[in-house]
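**Q** Structure file upload-v3.txt (compact mmCIF, C-alpha atoms) right here:
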```
# COMPACT_ATOMS: atom_id res chain seq x y z
CA MET A 1086 0.00 0.00 0.00
CA VAL A 1087 1.02 3.58 -0.51
CA TYR A 1088 -0.38 6.33 1.69
CA LEU A 1089 -1.40 9.47 -0.13
CA THR A 1090 -2.15 12.77 1.54
CA PHE A 1091 -4.02 15.56 -0.16
CA ALA A 1092 -4.12 18.96 1.50
CA SER A 1093 -6.63 21.77 1.03
CA SER A 1094 -8.11 24.53 3.10
CA PHE A 1095 -11.40 26.19 3.85
CA ASN A 1096 -12.45 29.27 5.76
CA ALA A 1097 -15.26 29.05 8.26
CA VAL A 1098 -16.75 30.63 11.35
CA HIS A 1099 -17.55 28.85 14.59
CA ARG A 1100 -18.43 29.45 18.20
CA LEU A 1101 -17.83 26.96 20.99
CA TRP A 1102 -21.07 26.73 22.87
CA ASN A 1103 -23.12 23.95 24.39
CA ARG A 1104 -26.78 24.94 24.65
CA ASP A 1105 -27.32 22.47 27.50
CA LEU A 1106 -24.92 24.37 29.75
CA SER A 1107 -25.35 27.68 31.50
CA GLU A 1108 -23.70 30.88 30.33
CA GLU A 1109 -21.21 30.54 33.21
CA GLU A 1110 -20.41 26.93 32.42
CA ASN A 1111 -19.88 27.74 28.73
CA ARG A 1112 -17.63 30.65 29.67
CA ALA A 1113 -15.66 28.49 32.08
CA ILE A 1114 -15.06 25.79 29.47
CA TYR A 1115 -14.73 27.73 26.24
CA ALA A 1116 -13.58 31.20 27.42
CA GLU A 1117 -13.24 33.64 24.50
CA CYS A 1118 -14.17 30.87 22.04
CA ALA A 1119 -17.74 31.30 23.34
CA ASN A 1120 -18.03 34.96 22.31
CA PRO A 1121 -21.48 35.49 20.73
CA ALA A 1122 -20.36 36.56 17.27
CA GLY A 1123 -18.07 33.55 16.95
CA HIS A 1124 -14.72 33.69 15.23
CA GLY A 1125 -13.13 32.19 12.16
CA HIS A 1126 -10.29 30.01 11.05
CA GLN A 1127 -8.60 29.10 7.87
CA TYR A 1128 -8.78 25.39 8.43
CA ARG A 1129 -6.17 23.30 6.67
CA LEU A 1130 -7.38 19.82 5.87
CA GLU A 1131 -5.22 16.79 5.14
CA VAL A 1132 -6.96 13.65 3.91
CA THR A 1133 -4.86 10.48 3.79
CA VAL A 1134 -5.91 7.41 1.83
CA ALA A 1135 -4.19 4.10 1.26
CA ALA A 1136 -4.01 2.57 -2.21
CA PRO A 1137 -2.40 -0.62 -3.46
CA VAL A 1138 0.71 -0.24 -5.65
CA GLY A 1139 1.54 -3.87 -6.15
CA GLY A 1140 1.39 -4.02 -9.94
CA ARG A 1141 3.00 -2.10 -12.73
CA ARG A 1142 0.29 0.52 -12.80
CA PRO A 1143 -1.33 2.43 -9.97
CA VAL A 1144 -4.73 0.89 -9.32
CA VAL A 1145 -6.36 4.22 -8.71
CA ILE A 1146 -5.25 7.72 -9.37
CA ALA A 1147 -5.60 8.87 -5.84
CA ARG A 1148 -4.75 12.51 -6.35
CA GLY A 1149 -7.69 13.08 -8.67
CA ALA A 1150 -10.00 10.90 -6.58
CA VAL A 1151 -9.24 12.67 -3.31
CA GLN A 1152 -9.19 16.11 -4.88
CA ARG A 1153 -12.66 15.54 -6.34
CA LEU A 1154 -13.90 14.36 -2.97
CA VAL A 1155 -12.63 17.48 -1.25
CA ASP A 1156 -13.81 19.85 -3.99
CA GLU A 1157 -17.23 18.28 -4.55
CA VAL A 1158 -18.24 16.86 -1.17
CA LEU A 1159 -16.55 18.93 1.48
CA LYS A 1160 -15.93 22.40 0.11
CA PRO A 1161 -19.54 23.19 -0.83
CA LYS A 1162 -20.58 22.33 2.74
CA LEU A 1163 -17.72 23.89 4.68
CA HIS A 1164 -16.09 26.73 2.78
CA HIS A 1165 -17.33 30.06 4.11
CA ALA A 1166 -19.81 28.19 6.30
CA ASP A 1167 -20.85 28.28 9.94
CA MET A 1168 -19.35 25.14 11.46
CA ASN A 1169 -22.03 25.05 14.17
CA THR A 1170 -24.73 24.41 11.55
CA ALA A 1171 -22.82 23.11 8.50
CA PHE A 1172 -23.24 19.45 9.46
CA GLY A 1173 -26.98 19.74 10.17
CA ILE A 1174 -26.65 18.49 13.77
CA ASP A 1175 -28.61 20.19 16.51
CA ASN A 1176 -26.50 21.77 19.27
CA PHE A 1177 -23.31 20.71 17.48
CA ILE A 1178 -20.23 21.70 19.46
CA SER A 1179 -17.78 22.69 16.78
CA THR A 1180 -14.52 21.81 18.48
CA GLY A 1181 -11.67 20.71 16.27
CA GLU A 1182 -12.21 17.16 17.53
CA ASN A 1183 -15.88 17.06 16.52
CA VAL A 1184 -15.27 18.80 13.18
CA THR A 1185 -12.55 16.28 12.32
CA LYS A 1186 -14.80 13.32 13.13
CA LEU A 1187 -17.67 14.69 11.07
CA ILE A 1188 -15.45 15.38 8.08
CA TRP A 1189 -14.40 11.72 8.30
CA ARG A 1190 -18.07 10.68 8.35
CA LEU A 1191 -18.90 12.89 5.38
CA ILE A 1192 -16.18 11.58 3.10
CA GLN A 1193 -15.88 7.97 4.25
CA PRO A 1194 -18.97 6.73 2.32
CA GLU A 1195 -17.78 8.59 -0.80
CA ILE A 1196 -14.35 6.96 -0.98
CA ASN A 1197 -13.80 5.19 -4.30
CA GLU A 1198 -13.61 1.46 -4.46
CA GLY A 1199 -10.00 0.33 -4.23
CA ILE A 1200 -8.80 2.98 -1.80
CA THR A 1201 -9.15 3.17 1.97
CA LEU A 1202 -9.57 6.28 4.09
CA VAL A 1203 -6.75 6.28 6.63
CA SER A 1204 -6.90 9.63 8.39
CA VAL A 1205 -8.42 13.07 8.42
CA ARG A 1206 -6.32 15.83 9.92
CA VAL A 1207 -7.72 19.28 10.58
CA ILE A 1208 -5.22 22.01 11.34
CA GLU A 1209 -7.23 24.72 13.06
CA THR A 1210 -4.37 27.12 13.76
CA HIS A 1211 -0.62 26.79 13.61
CA LYS A 1212 -0.82 25.61 17.22
CA ASN A 1213 -3.76 23.18 17.07
CA SER A 1214 -4.34 20.15 14.91
CA PHE A 1215 -6.65 17.16 15.20
CA THR A 1216 -6.31 13.74 13.58
CA TYR A 1217 -9.00 11.08 13.34
CA ARG A 1218 -8.38 7.60 12.03
CA GLY A 1219 -11.85 6.16 12.52
CA GLY A 1220 -13.19 4.26 15.52
CA SER A 1221 -11.24 4.39 18.74
CA GLU A 1222 -8.42 1.97 17.93
CA GLU A 1223 -4.97 2.82 16.67
CA PRO A 1224 -4.56 1.78 13.04
CA ALA A 1225 -1.96 -0.75 11.96
CA LEU A 1226 0.44 1.91 10.67
CA PRO A 1227 4.09 1.87 11.51
CA SER A 1228 4.80 4.43 14.22
CA ALA A 1229 7.44 7.11 14.06
CA MET B 1267 14.30 2.97 18.26
CA LEU B 1268 15.17 6.30 16.74
CA TYR B 1269 14.00 7.74 13.45
CA ILE B 1270 16.09 10.08 11.34
CA THR B 1271 14.65 11.93 8.37
CA ARG B 1272 16.65 13.61 5.62
CA LYS B 1273 15.06 15.90 3.04
CA MET B 1274 16.20 16.23 -0.58
CA HIS B 1275 14.92 17.88 -3.73
CA PHE B 1276 14.75 16.88 -7.33
CA CYS B 1277 13.05 18.38 -10.36
CA ALA B 1278 11.71 16.14 -13.09
CA ALA B 1279 9.33 16.02 -16.01
CA HIS B 1280 6.66 13.39 -16.54
CA ARG B 1281 3.36 12.67 -18.13
CA LEU B 1282 0.73 10.22 -16.91
CA TYR B 1283 -0.15 7.98 -19.81
CA ASP B 1284 -0.93 4.29 -19.99
CA ASP B 1285 -0.05 2.84 -23.40
CA SER B 1286 -2.59 0.03 -23.00
CA LEU B 1287 -5.44 2.57 -22.93
CA SER B 1288 -6.84 4.72 -25.72
CA PRO B 1289 -6.10 8.46 -25.83
CA GLU B 1290 -9.68 9.10 -24.66
CA GLU B 1291 -9.37 6.67 -21.74
CA ASN B 1292 -6.06 8.25 -20.76
CA ARG B 1293 -7.61 11.70 -20.83
CA GLU B 1294 -10.49 10.42 -18.66
CA ARG B 1295 -8.19 8.71 -16.15
CA PHE B 1296 -5.36 11.20 -15.89
CA GLY B 1297 -6.97 14.48 -16.95
CA GLU B 1298 -4.54 17.25 -17.82
CA CYS B 1299 -1.69 15.13 -16.40
CA VAL B 1300 -1.49 13.36 -19.80
CA ASN B 1301 0.34 16.47 -20.99
CA LEU B 1302 4.06 16.68 -20.43
CA HIS B 1303 4.68 18.68 -17.24
CA GLY B 1304 7.06 18.76 -14.28
CA HIS B 1305 7.31 19.02 -10.53
CA SER B 1306 9.78 20.26 -7.95
CA TYR B 1307 9.64 17.11 -5.88
CA VAL B 1308 10.65 17.01 -2.23
CA LEU B 1309 11.87 13.63 -1.02
CA GLU B 1310 12.02 12.73 2.67
CA VAL B 1311 13.66 9.47 3.63
CA THR B 1312 13.34 8.19 7.19
CA PHE B 1313 15.64 5.54 8.62
CA ALA B 1314 15.19 3.73 11.92
CA GLY B 1315 17.89 2.42 14.20
CA ASN B 1316 19.61 2.79 17.52
CA PRO B 1317 22.35 5.43 17.81
CA ASP B 1318 25.87 4.02 17.68
CA GLU B 1319 27.48 4.29 21.12
CA LYS B 1320 30.63 5.90 19.83
CA THR B 1321 29.21 8.37 17.27
CA GLY B 1322 25.76 8.96 18.76
CA MET B 1323 24.33 8.53 15.25
CA VAL B 1324 21.87 6.14 13.66
CA VAL B 1325 23.51 6.86 10.33
CA HIS B 1326 26.07 9.45 9.27
CA LEU B 1327 24.17 12.07 7.28
CA SER B 1328 26.90 12.46 4.67
CA GLU B 1329 26.84 8.70 4.10
CA LEU B 1330 23.04 8.81 3.87
CA ASP B 1331 23.27 11.73 1.42
CA ALA B 1332 25.87 10.01 -0.73
CA ILE B 1333 23.87 6.76 -0.95
CA THR B 1334 20.58 8.52 -1.63
CA LYS B 1335 22.15 10.78 -4.23
CA GLU B 1336 23.81 7.87 -6.02
CA ARG B 1337 20.90 5.43 -5.85
CA VAL B 1338 17.98 7.84 -6.32
CA VAL B 1339 18.44 11.57 -6.78
CA ARG B 1340 20.94 11.61 -9.63
CA ARG B 1341 18.73 9.13 -11.51
CA LEU B 1342 15.65 11.35 -11.20
CA ASP B 1343 16.88 14.94 -11.04
CA HIS B 1344 16.26 16.89 -14.25
CA LYS B 1345 15.15 13.72 -16.01
CA TYR B 1346 12.12 12.92 -18.11
CA LEU B 1347 10.84 10.09 -15.93
CA ASN B 1348 8.91 8.32 -18.70
CA GLU B 1349 12.01 8.03 -20.90
CA ASP B 1350 15.08 8.29 -18.70
CA VAL B 1351 14.23 5.91 -15.84
CA ASP B 1352 14.17 2.21 -16.72
CA VAL B 1353 11.23 1.19 -14.58
CA PHE B 1354 8.99 3.93 -15.98
CA ARG B 1355 10.07 3.25 -19.57
CA ARG B 1356 8.70 -0.27 -19.13
CA ASP B 1357 5.11 1.01 -18.96
CA VAL B 1358 4.92 1.83 -15.23
CA VAL B 1359 3.04 5.12 -14.98
CA PRO B 1360 5.22 7.59 -13.06
CA THR B 1361 2.65 8.79 -10.53
CA VAL B 1362 3.95 10.01 -7.19
CA GLU B 1363 2.82 6.72 -5.61
CA MET B 1364 4.86 4.66 -8.08
CA LEU B 1365 7.81 7.01 -7.53
CA ALA B 1366 7.62 6.43 -3.76
CA LYS B 1367 7.72 2.67 -4.35
CA TYR B 1368 10.65 3.09 -6.76
CA VAL B 1369 12.64 5.09 -4.19
CA TRP B 1370 11.88 2.51 -1.49
CA GLU B 1371 13.11 -0.33 -3.67
CA ARG B 1372 16.33 1.57 -4.50
CA LEU B 1373 17.08 2.41 -0.85
CA GLU B 1374 15.87 -0.59 1.15
CA GLY B 1375 18.89 -2.31 2.67
CA ALA B 1376 21.28 0.19 1.05
CA VAL B 1377 22.32 2.03 4.22
CA PRO B 1378 24.39 -0.11 6.58
CA GLY B 1379 23.13 -0.23 10.16
CA ALA B 1380 19.82 1.53 9.50
CA ARG B 1381 16.45 0.19 8.47
CA LEU B 1382 14.47 2.19 5.92
CA HIS B 1383 11.23 3.19 7.64
CA GLN B 1384 9.43 5.62 5.34
CA VAL B 1385 9.74 7.25 1.94
CA ARG B 1386 7.70 10.43 1.53
CA ILE B 1387 7.58 12.30 -1.77
CA HIS B 1388 5.81 15.64 -2.08
CA GLU B 1389 4.69 16.35 -5.62
CA ASP B 1390 3.83 19.90 -4.57
CA ASN B 1391 2.67 21.50 -1.33
CA LEU B 1392 -0.78 19.90 -1.61
CA PHE B 1393 -0.02 16.26 -2.28
CA TYR B 1394 2.41 13.66 -1.02
CA ALA B 1395 2.82 9.89 -0.97
CA ASP B 1396 4.20 7.73 1.86
CA TYR B 1397 5.48 4.20 1.36
CA TYR B 1398 6.53 1.83 4.15
CA GLY B 1399 7.34 -1.28 2.14
CA LYS B 1400 5.11 -3.94 0.68
CA GLU B 1401 3.95 -5.40 4.02
CA TYR B 1402 2.04 -2.22 4.96
```
Take the structure in the file and write it out as structure tokens.
**A**
Amino acid sequence: MVYLTFASSFNAVHRLWNRDLSEEENRAIYAECANPAGHGHQYRLEVTVAAPVGGRRPVVIARGAVQRLVDEVLKPKLHHADMNTAFGIDNFISTGENVTKLIWRLIQPEINEGITLVSVRVIETHKNSFTYRGGSEEPALPSA
Amino acid sequence: MLYITRKMHFCAAHRLYDDSLSPEENRERFGECVNLHGHSYVLEVTFAGNPDEKTGMVVHLSELDAITKERVVRRLDHKYLNEDVDVFRRDVVPTVEMLAKYVWERLEGAVPGARLHQVRIHEDNLFYADYYGKEY
């Protein structure tokens, strides 16, 4: 297998807020990230897929496949969107963790036959990034 | 276990074209990549090992550079991959994934005392391929 990573970015607004908590509780947990107008990020997204390269020819052309997925499935939903509502989930708490998991769920069913989704990484700022590899188990990737 | 990564650059031309397919099928499969074009590739090779007690090194970087340059970089840099590199002349399509596999096969076992762990090739700043050998 070869692991291919395609990067892109989208700009979006979000506000960290859980409707089930009080104003004070939200403030205590999310601090300035709970400000009413929200705030924005240029999210960088890295989608990694695995594809077989056993033969003489690549089985799938992953660059095109992943690029189409990002351009046609994700970008229309997320670019210049409100992350609190973009996924259509009530009271969605748009932390980097939750956004990363939902991006995985959006693209996983759309992955072409012959390639496997390995990880979704969302880089929220140059200090924060989140990686989801599906489920709660570590994948069988060599560690480094 | 310690991992050491060295970064190198090479520039090369290629086109993605499969001779067993029609021009229309090639266009469908590879899009504008059927046209001759080039990339400034960035190659990162990662070796694993335990540091030598005397030198404190997994592998001497100048030795790593010399081996990688001889076995890989000089064969790819400023070349037309489809014509100038044997494996790609024999109808292997020179995608970045096939290039990563090529580099792995040229470097595996070539550096004494260090095990090749990962080959990463960036085609540009949006797309890269990682290869860890055929068992992964």
**Q** To one decimal place in Å, what is the distance between CA of Cys1277 in chain B and CA of Tyr1397 in chain B?
**A**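 Distance reported for this atom pair: 19.9 Å.
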**Q** Could you list, as a ChimeraX atom specification, the residues of chain B having an atom within 6 Å of chain A when counting only C-alpha atoms?
**A** /B:1358-1359,1392-1397,1402
**Q** Quick one: distance from CA of Arg1100 in chain A to CA of Phe1177 in chain A in Å, one decimal?
**A**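 Value for the CA of Arg1100 in chain A-CA of Phe1177 in chain A distance: 10.0 Å.
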**Q** Just the number, please: distance in Å from CA of His1164 in chain A to CA of Asn1096 in chain A, one decimal.
**A** 5.3 Å
**Q** Determine the nearest neighbour of Asp1175 in chain A from the options A:Asn1103, A:Thr1201, A:Gln1193, A:Thr1216, counting only C-alpha atoms.
**A**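 Of A:Asn1103, A:Thr1201, A:Gln1193, A:Thr1216, the one nearest Asp1175 in chain A is A:Asn1103, counting only C-alpha atoms.
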**Q** Residues at most 12 Å from Arg1355 in chain B, counting all atoms listed in the file, excluding those fewer than 4 positions away in the same chain, as JSON, numbers by chain?
**A** {"A": [1141], "B": [1280, 1281, 1282, 1283, 1284, 1285, 1346, 1347, 1348, 1349, 1350, 1351, 1359, 1360]}
**Q** Please determine, counting all atoms listed in the file, which residue among A:Cys1118, A:Tyr1217, A:Phe1095, A:Tyr1128 has the shortest atom-to-atom distance to Lys1186 in chain A.
**A** A:Tyr1217
**Q** List every protein, DNA or RNA residue that has at least one atom no more than 7 Å from (10.3, 17.8, -15.6) in the file's coordinates, counting all atoms listed in the file, and write the result as a PyMOL selection string.
**A** chain B and resi 1277-1280+1303-1305+1344-1346
**Q** Using only C-alpha atoms, pick whichever of B:Val1377, B:Leu1287, B:Leu1309, B:Leu1268 has the shortest atom-to-atom distance to Leu1330 in chain B.
**A**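 That would be B:Val1377, the residue with the smallest distance to Leu1330 in chain B.
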**Q** Could you check which of B:Asp1331, B:Glu1310, B:Glu1336, B:Glu1298 is closest to Arg1372 in chain B, using all atoms listed in the file?
**A**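 Nearest candidate to Arg1372 in chain B out of B:Asp1331, B:Glu1310, B:Glu1336, B:Glu1298: B:Glu1336.
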**Q** List every protein, DNA or RNA residue with an atom no more than 12 Å from (-12.5, 29.0, 6.2) in the file's coordinates, counting all atoms listed in the file, and format the result as a PyMOL selection string.
**A** chain A and resi 1093-1099+1124-1130+1159-1168+1207-1210
**Q** Please produce an output containing C-alpha atoms for each residue in the selection, written as a short mmCIF file (atom, residue, chain, number, x, y, z; two decimals), in the frame of the given file.
**A**
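Written file, again17.cif:
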```
data_model
loop_
_atom_site.label_atom_id
_atom_site.label_comp_id
_atom_site.auth_asym_id
_atom_site.auth_seq_id
_atom_site.Cartn_x
_atom_site.Cartn_y
_atom_site.Cartn_z
CA SER A 1093 -6.63 21.77 1.03
CA SER A 1094 -8.11 24.53 3.10
CA PHE A 1095 -11.40 26.19 3.85
CA ASN A 1096 -12.45 29.27 5.76
CA ALA A 1097 -15.26 29.05 8.26
CA VAL A 1098 -16.75 30.63 11.35
CA HIS A 1099 -17.55 28.85 14.59
CA HIS A 1124 -14.72 33.69 15.23
CA GLY A 1125 -13.13 32.19 12.16
CA HIS A 1126 -10.29 30.01 11.05
CA GLN A 1127 -8.60 29.10 7.87
CA TYR A 1128 -8.78 25.39 8.43
CA ARG A 1129 -6.17 23.30 6.67
CA LEU A 1130 -7.38 19.82 5.87
CA LEU A 1159 -16.55 18.93 1.48
CA LYS A 1160 -15.93 22.40 0.11
CA PRO A 1161 -19.54 23.19 -0.83
CA LYS A 1162 -20.58 22.33 2.74
CA LEU A 1163 -17.72 23.89 4.68
CA HIS A 1164 -16.09 26.73 2.78
CA HIS A 1165 -17.33 30.06 4.11
CA ALA A 1166 -19.81 28.19 6.30
CA ASP A 1167 -20.85 28.28 9.94
CA MET A 1168 -19.35 25.14 11.46
CA VAL A 1207 -7.72 19.28 10.58
CA ILE A 1208 -5.22 22.01 11.34
CA GLU A 1209 -7.23 24.72 13.06
CA THR A 1210 -4.37 27.12 13.76
#
```
